[in-house]
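Undergrad: Quick one: structure below, then a few questions.
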There are 2 protein chains.
Amino acid sequence: MSASDRLDREGMRRHNLGLVLRAIADGDRPSRTDVALVTGLHKTTVSSLVADLIERELVCEAGKASNGTVGRPAVALELAGDRYVALGLEINVDHLTYTAVDLLGRVRDQGSVRQDNRARSPSRSLSALAELIAGPRNRLKEAGAIVVGATLALPGLVDPRDGVLLVAPNLGWRDVAVVDELQAVLGDDLTLRVDNEANLAAFAERWYGAGRTHRDFVYVSGYIGVGAGIVSNGVLHRGETGFGGEFGHLTVEAEGPPCACGSRGCVEALVGLDALLRRAGKPSSAETTAHELVEAAQRGEPRTLEAIEVVGATLGVALASTANLLGSRAIVLGGYFAPLCPWLRAPIERELQRRVLAFPWSPIEVMRSELADGAAVLGAAALALRAILDDPASTPTG
Amino acid sequence: MSASDRLDREGMRRHNLGLVLRAIADGDRPSRTDVALVTGLHKTTVSSLVADLIERELVCEAGKASNGTVGRPAVALELAGDRYVALGLEINVDHLTYTAVDLLGRVRDQGSVRQDNRARSPSRSLSALAELIAGPRNRLKEAGAIVVGATLALPGLVDPRDGVLLVAPNLGWRDVAVVDELQAVLGDDLTLRVDNEANLAAFAERWYGAGRTHRDFVYVSGYIGVGAGIVSNGVLHRGETGFGGEFGHLTVEAEGPPCACGSRGCVEALVGLDALLRRAGKPSSAETTAHELVEAAQRGEPRTLEAIEVVGATLGVALASTANLLGSRAIVLGGYFAPLCPWLRAPIERELQRRVLAFPWSPIEVMRSELADGAAVLGAAALALRAILDDPASTPTG
């Protein structure tokens with residue numbers, strides 16, 4: 001066998017290993033025979049690949065398969081949750097967050113600290129993040145888990161290929177090589193990625209939320225900044241520039257209030273958390289949490305309810321523009337918009353009905369994200385875990 | 001051979017016939033050997049399929065191939081332009097238009113009549129269109145051409161699968177079974193399709209205009225109504241509802257002037273031709289043509305120039321929202337915006353630069369459509385011609 005033949009055969013086996021793992025991940029506790037049917041691979045090949053996946057602790061046997069054949073009952077296969085975890089990390093305006101998620105989507109560890117990152121240089125925030133995850137990483141290691149990678153969510157324009165943050169207006173950060181800097185602070189070879197927080201939250205919705213029932217939706221992330229992730233036919237639409245989904249910078253009032261981005265009248269400047277708090281006559285987000293705002297609404301505080309109504313209408317106008325352009329049928333409200341859904345829904349739906357040309361023939365469903373605050377870090381961890389499903393041979397053998 | 005085997009073999013041959021025809025259409029006068037290389041089919045299979053395509057007059061031999069092999073020069077193949085044509089038809093607010101295009105993209109016949117279709121019922125406009133194309137259809141037949149189909153472009157929400165116009169606000173039409181009605185008036189079995197005019201114009205750009213250099217662009221169609229066709233990775237993005245691209249109904253001023261759609265402050269209500277004429281102090285589009293507006297701008301008429309400046313800025317604001325959302329790098333201005341490009345470009349670019357968050361890292365090219373007024377009917381004809389390239393066996397054998 002020549003060297004190039006051997007490379008071809010190794011490449012093929014590596015490819016098939018991923019096929020089999022994804023068939024097990026997507027299936028309902030399939031048997032080896034089921035996997036052979038779904039993948040089109042020979043049953044002996046499947047058996048050999050499954051043995052490899054079991055050795056790597058990616059897959060385990062789990063009793064009888066749901067559709068066992070007559071005679072000897074087939075053995076069911078499922079993903080093994082215990083061995084591999086990935087970290088989702090987030091630096092946002094006033095907090096640092098991490099979550100550790102395993103292959104079964106279970107959160108194994110999580111934590112958050114409140115700190116104003118506007119007041120800090122990127123390197124100080126990145127150092128604080130590295131400190132925050134040092135303990136959890138040790139705990140996971142002691143529990144026998146392997147951390148396969150981490151993804152950092154940031155509220156701004158991110159170039160995921162180069163690992164660079166271009167600009168985060170609300171943090172006041174610009175041109176930061178975040179992957180290299182975080183790698184240097186961590187001082188080890190943990191595989192790092194970085195992406196926009198709304199894209200990662202949409203990614204979490206794709207796998208654990210709205211995506212279970214919808215192939216197309218627009219996820220809107222509301223916090224101090226506002227962004228969106230556009231999922232089209234199950235795939236995140238980044239656009240030709242790679243920076244699509246900047247819903248927070250749609251113009252709602254051409255000469256409206258100034259936005260942190262330098263423009264005027266952006267969605268974010270009108271419906272971001274600080275804009276809402278100002279309108280409700282409350283201290284800024286540095287002193288008021290979204291939770292307190294929800295409580296004020298629940299108490300029926302008139303000025304808060306009025307402010308939410310105005311924000312809902314403005315959000316509705318911008319979502320109507322979005323739906324007209326994209327041909328959307330489903331919108332998922334995340335971030336601080338999620339707990340305010342009971343009050344935001346009516347004004348949003350009124351504007352959609354009024355402004356979306358196709359609405360009478362194709363109404364739009366407004367959904368509340370079930371993942372809420374944790375969506376970005378959950379999606380960040382999921383992105384790192386997907387890398388294993390794409391190439392299981394990247395994990396160590398047993 | 002069983003019946004199902006024969007069906008399979010016929011299906012395979014039909015599929016391969018399309019493969020070969022598209023390889024010839026996309027190639028640079030390829031030889032049969034070139035086609036075999038590109039398609040992966042055996043050379044004798046290619047020869048047999050090419051013979052079939054020549055018999056159908058879809059392909060012809062055209063001297064020596066550009067990259068003939070050593071020895072006997074290979075024969076070049078190209079599409080045969082003479083036999084097949086398709087019709088592009090358009091009903092818009094104040095005109096009816098048709099164009100006949102052949103497989104080589106040559107316009108073989110065209111014409112237009114000015115008439116106000118707002119004053120007419122859909123069936124009267126469709127009858128007038130049928131009358132308009134009766135003469136040209138006879139002329140084409142006498143010239144030996146086969147009209148393989150026609151597509152009707154309409155300024156509104158269209159369901160292409162059912163052949164139904166849902167609503168065309170500027171025509172005042174609603175729920176019209178246009179394909180069935182036009183078929184009944186024509187009284188023959190010409191294959192008919194219907195689609196939105198901006199989508200069809202974008203389709204024309206994809207094949208004959210901006211698409212030759214760009215895989216991603218937003219085509220904006222400006223007339224009395226305003227619409228867009230979003231081309232993403234070479235494919236028209238219709239969205240989940242099928243009604244994406246309704247750029248004309250993005251909200252620019254939430255409580256701005258009323259729009260024909262029933263909402264307020266839509267792009268169309270602010271930058272449509274009638275809105276511009278009103279601002280320039282000129283009679284409406286029923287009495288003033290876009291050409292007269294261009295002449296006024298060329299003469300340097302202050303009120304016209306000022307009106308164009310305002311329209312350009314408003315268009316720029318809406319295009320900035322579009323680019324933020326879609327991650328666009330290229331915008332093509334069509335319809336009446338095309339001849340006004342020399343004056344519209346500066347205010348549009350100013351707003352893009354001011355409002356698109358990613359602009360400093362990924363600037364946006366604003367292009368003038370070279371196809372201008374004829375884009376929608378050209379795209380309409382092209383759509384019908386693509387059906388032949390997709391399934392050449394649908395044509396009669398010689």
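The way I read the labels, and the way they are meant: chains A, B, ... in the order of the structure tokens, residue 1 as the first residue of every chain, and ligand 1 as the first ligand shown, with later ones counted on from there.
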Among segment 65-158 of chain B, which ones does DSSP place in strand (DSSP E), written as a ChimeraX atom specification?
TA: /B:75-79,84-92,95-102,107-114,146-154,157-158
Undergrad: What are the nearest atom pairs, with distances in Å to one decimal, for all residues of chain B that come at most 7 Å from chain A, using only C-alpha atoms, set out by chain and rising residue number as JSON lines?
TA:
{"residue": "B:Asp216", "atom": "CA", "partner": "A:Glu240", "partner_atom": "CA", "distance": 6.5}
{"residue": "B:Arg238", "atom": "CA", "partner": "A:Gly327", "partner_atom": "CA", "distance": 6.4}
{"residue": "B:Gly239", "atom": "CA", "partner": "A:Gly327", "partner_atom": "CA", "distance": 4.3}
{"residue": "B:Glu240", "atom": "CA", "partner": "A:Gly327", "partner_atom": "CA", "distance": 5.7}
{"residue": "B:Thr241", "atom": "CA", "partner": "A:Gly327", "partner_atom": "CA", "distance": 5.1}
{"residue": "B:Gly242", "atom": "CA", "partner": "A:Gly327", "partner_atom": "CA", "distance": 6.2}
{"residue": "B:Phe243", "atom": "CA", "partner": "A:Gly327", "partner_atom": "CA", "distance": 5.2}
{"residue": "B:Gly244", "atom": "CA", "partner": "A:Gly327", "partner_atom": "CA", "distance": 3.7}
{"residue": "B:Gly245", "atom": "CA", "partner": "A:Leu325", "partner_atom": "CA", "distance": 4.5}
{"residue": "B:Glu246", "atom": "CA", "partner": "A:Asn324", "partner_atom": "CA", "distance": 4.9}
{"residue": "B:Phe247", "atom": "CA", "partner": "A:Leu325", "partner_atom": "CA", "distance": 5.5}
{"residue": "B:His249", "atom": "CA", "partner": "A:Asn324", "partner_atom": "CA", "distance": 6.6}
{"residue": "B:Leu250", "atom": "CA", "partner": "A:Ser321", "partner_atom": "CA", "distance": 4.3}
{"residue": "B:Thr251", "atom": "CA", "partner": "A:Ser321", "partner_atom": "CA", "distance": 6.0}
{"residue": "B:Val252", "atom": "CA", "partner": "A:Val252", "partner_atom": "CA", "distance": 6.4}
{"residue": "B:Glu253", "atom": "CA", "partner": "A:Glu253", "partner_atom": "CA", "distance": 6.5}
{"residue": "B:Cys261", "atom": "CA", "partner": "A:Leu357", "partner_atom": "CA", "distance": 6.9}
{"residue": "B:Ser263", "atom": "CA", "partner": "A:Arg355", "partner_atom": "CA", "distance": 5.6}
{"residue": "B:Val317", "atom": "CA", "partner": "A:Thr251", "partner_atom": "CA", "distance": 6.8}
{"residue": "B:Ser321", "atom": "CA", "partner": "A:Leu250", "partner_atom": "CA", "distance": 4.3}
{"residue": "B:Asn324", "atom": "CA", "partner": "A:Glu246", "partner_atom": "CA", "distance": 4.9}
{"residue": "B:Leu325", "atom": "CA", "partner": "A:Gly245", "partner_atom": "CA", "distance": 4.5}
{"residue": "B:Leu326", "atom": "CA", "partner": "A:Gly244", "partner_atom": "CA", "distance": 4.7}
{"residue": "B:Gly327", "atom": "CA", "partner": "A:Gly244", "partner_atom": "CA", "distance": 3.7}
{"residue": "B:Ser328", "atom": "CA", "partner": "A:Glu240", "partner_atom": "CA", "distance": 5.8}
{"residue": "B:Arg329", "atom": "CA", "partner": "A:Thr241", "partner_atom": "CA", "distance": 6.3}
{"residue": "B:Arg354", "atom": "CA", "partner": "A:Ser263", "partner_atom": "CA", "distance": 6.0}
{"residue": "B:Arg355", "atom": "CA", "partner": "A:Ser263", "partner_atom": "CA", "distance": 5.6}
{"residue": "B:Leu357", "atom": "CA", "partner": "A:Cys261", "partner_atom": "CA", "distance": 6.9}
{"residue": "B:Ala358", "atom": "CA", "partner": "A:Phe243", "partner_atom": "CA", "distance": 6.7}
{"residue": "B:Ser362", "atom": "CA", "partner": "A:Thr241", "partner_atom": "CA", "distance": 6.4}
Undergrad: Fewer than 5 positions away in the same chain doesn't count, so skip those; otherwise give me all residues within 6 Å of segment 57-66 of chain A, counting only C-alpha atoms, as JSON, numbers by chain.
TA: {"A": [30, 31, 74, 75, 76, 77, 78, 79, 80]}
Undergrad: Would you pick out the contacts of segment 385-390 of chain A at 7 Å or less, using only C-alpha atoms, so that residues sharing its chain but fewer than 3 positions from it are not included, and give the list as a PyMOL selection string?
TA: chain A and resi 18+21-22+86+103+381-382+394
Undergrad: Figure out the distance between atom CA of Val113 of chain A and atom CA of Leu305 of chain A, please, to one decimal in Å.
TA: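 Going from atom CA of Leu305 of chain A over to atom CA of Val113 of chain A, I get 29.3 Å.
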Undergrad: Kindly give the distance, in Å, that separates atom CA of Val226 of chain B and atom CA of Gly334 of chain B, rounded to a single decimal.
TA: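 Here the two named atoms are 9.9 Å from each other.
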Undergrad: Apply DSSP to the backbone of this structure and, from segment 104-310 of chain A, keep only the residues in alpha helix (DSSP H); write these as JSON, numbers by chain.
TA: {"A": [122, 123, 124, 125, 126, 127, 128, 129, 130, 131, 132, 133, 134, 135, 136, 137, 138, 139, 140, 141, 142, 178, 179, 180, 181, 182, 183, 184, 185, 186, 197, 198, 199, 200, 201, 202, 203, 204, 205, 206, 207, 208, 267, 268, 269, 270, 271, 273, 274, 275, 276, 277, 278, 279, 290, 291, 292, 293, 294, 295, 296, 297, 298, 302, 303, 304, 305, 306, 307, 308, 309, 310]}
Undergrad: Those residues you just picked out, can you put them in a file as a PDB file, in the first residue's frame with C-alpha atoms?
TA:
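And here is the file that came out, again_19.pdb:
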ATOM      1  CA  PRO A 122      -9.477  44.125  27.279  1.00  0.00           C
ATOM      2  CA  SER A 123      -6.448  42.422  28.818  1.00  0.00           C
ATOM      3  CA  ARG A 124      -7.712  43.036  32.378  1.00  0.00           C
ATOM      4  CA  SER A 125     -11.124  41.601  31.490  1.00  0.00           C
ATOM      5  CA  LEU A 126      -9.514  38.603  29.795  1.00  0.00           C
ATOM      6  CA  SER A 127      -7.299  37.998  32.847  1.00  0.00           C
ATOM      7  CA  ALA A 128     -10.343  38.147  35.127  1.00  0.00           C
ATOM      8  CA  LEU A 129     -12.093  35.625  32.870  1.00  0.00           C
ATOM      9  CA  ALA A 130      -9.077  33.296  32.970  1.00  0.00           C
ATOM     10  CA  GLU A 131      -9.101  33.511  36.779  1.00  0.00           C
ATOM     11  CA  LEU A 132     -12.829  32.822  36.893  1.00  0.00           C
ATOM     12  CA  ILE A 133     -12.513  29.544  34.991  1.00  0.00           C
ATOM     13  CA  ALA A 134      -9.332  28.241  36.668  1.00  0.00           C
ATOM     14  CA  GLY A 135     -11.265  26.636  39.554  1.00  0.00           C
ATOM     15  CA  PRO A 136     -13.994  25.073  37.393  1.00  0.00           C
ATOM     16  CA  ARG A 137     -11.377  23.658  34.999  1.00  0.00           C
ATOM     17  CA  ASN A 138      -9.631  21.942  37.918  1.00  0.00           C
ATOM     18  CA  ARG A 139     -12.931  20.574  39.258  1.00  0.00           C
ATOM     19  CA  LEU A 140     -13.844  19.194  35.823  1.00  0.00           C
ATOM     20  CA  LYS A 141     -10.423  17.583  35.486  1.00  0.00           C
ATOM     21  CA  GLU A 142     -10.725  15.970  38.933  1.00  0.00           C
ATOM     22  CA  VAL A 178      -8.889  38.128  21.823  1.00  0.00           C
ATOM     23  CA  VAL A 179      -8.022  34.509  21.016  1.00  0.00           C
ATOM     24  CA  ASP A 180      -4.270  35.128  21.145  1.00  0.00           C
ATOM     25  CA  GLU A 181      -4.540  37.280  24.271  1.00  0.00           C
ATOM     26  CA  LEU A 182      -6.741  34.796  26.156  1.00  0.00           C
ATOM     27  CA  GLN A 183      -4.491  31.930  25.070  1.00  0.00           C
ATOM     28  CA  ALA A 184      -1.473  33.777  26.473  1.00  0.00           C
ATOM     29  CA  VAL A 185      -3.223  34.416  29.808  1.00  0.00           C
ATOM     30  CA  LEU A 186      -4.409  30.807  30.111  1.00  0.00           C
ATOM     31  CA  GLU A 197     -22.882  36.787  21.276  1.00  0.00           C
ATOM     32  CA  ALA A 198     -26.147  37.008  19.287  1.00  0.00           C
ATOM     33  CA  ASN A 199     -24.809  34.527  16.716  1.00  0.00           C
ATOM     34  CA  LEU A 200     -23.872  32.108  19.511  1.00  0.00           C
ATOM     35  CA  ALA A 201     -27.231  32.542  21.232  1.00  0.00           C
ATOM     36  CA  ALA A 202     -28.955  31.804  17.896  1.00  0.00           C
ATOM     37  CA  PHE A 203     -26.717  28.757  17.621  1.00  0.00           C
ATOM     38  CA  ALA A 204     -27.954  27.601  21.057  1.00  0.00           C
ATOM     39  CA  GLU A 205     -31.563  28.141  19.913  1.00  0.00           C
ATOM     40  CA  ARG A 206     -30.777  26.113  16.797  1.00  0.00           C
ATOM     41  CA  TRP A 207     -29.673  23.096  18.861  1.00  0.00           C
ATOM     42  CA  TYR A 208     -31.532  23.333  22.174  1.00  0.00           C
ATOM     43  CA  VAL A 267     -32.606  50.074  17.367  1.00  0.00           C
ATOM     44  CA  GLU A 268     -30.085  49.610  20.181  1.00  0.00           C
ATOM     45  CA  ALA A 269     -30.168  53.280  21.172  1.00  0.00           C
ATOM     46  CA  LEU A 270     -33.966  53.046  21.498  1.00  0.00           C
ATOM     47  CA  VAL A 271     -34.658  49.589  22.902  1.00  0.00           C
ATOM     48  CA  LEU A 273     -31.758  48.002  28.423  1.00  0.00           C
ATOM     49  CA  ASP A 274     -30.334  51.407  29.330  1.00  0.00           C
ATOM     50  CA  ALA A 275     -32.711  53.198  26.950  1.00  0.00           C
ATOM     51  CA  LEU A 276     -35.668  51.398  28.552  1.00  0.00           C
ATOM     52  CA  LEU A 277     -34.472  52.121  32.107  1.00  0.00           C
ATOM     53  CA  ARG A 278     -34.052  55.802  31.259  1.00  0.00           C
ATOM     54  CA  ARG A 279     -37.572  55.952  29.867  1.00  0.00           C
ATOM     55  CA  ALA A 290     -33.403  43.345  34.238  1.00  0.00           C
ATOM     56  CA  HIS A 291     -34.949  41.313  37.056  1.00  0.00           C
ATOM     57  CA  GLU A 292     -35.874  44.476  38.966  1.00  0.00           C
ATOM     58  CA  LEU A 293     -37.483  45.840  35.830  1.00  0.00           C
ATOM     59  CA  VAL A 294     -39.613  42.693  35.491  1.00  0.00           C
ATOM     60  CA  GLU A 295     -40.661  43.066  39.135  1.00  0.00           C
ATOM     61  CA  ALA A 296     -41.687  46.687  38.528  1.00  0.00           C
ATOM     62  CA  ALA A 297     -43.787  45.553  35.560  1.00  0.00           C
ATOM     63  CA  GLN A 298     -45.343  42.791  37.654  1.00  0.00           C
ATOM     64  CA  PRO A 302     -47.321  52.837  35.307  1.00  0.00           C
ATOM     65  CA  ARG A 303     -44.121  54.518  34.087  1.00  0.00           C
ATOM     66  CA  THR A 304     -42.397  51.141  33.628  1.00  0.00           C
ATOM     67  CA  LEU A 305     -45.373  49.677  31.751  1.00  0.00           C
ATOM     68  CA  GLU A 306     -45.543  52.736  29.518  1.00  0.00           C
ATOM     69  CA  ALA A 307     -41.803  52.531  28.786  1.00  0.00           C
ATOM     70  CA  ILE A 308     -42.085  48.827  27.911  1.00  0.00           C
ATOM     71  CA  GLU A 309     -45.025  49.602  25.606  1.00  0.00           C
ATOM     72  CA  VAL A 310     -42.967  52.212  23.721  1.00  0.00           C
TER      73      VAL A 310
END
Undergrad: Taking only C-alpha atoms into account, name the residue in B:Ala393, B:Leu371, B:Ala100, B:Leu192 that is nearest to Pro339 of chain B.
TA: B:Leu371
Undergrad: From the options B:Asn170, B:Leu104, B:Asp26, B:His95, which residue's atoms come nearest to Arg212 of chain B, counting only C-alpha atoms?
TA: B:Asp26
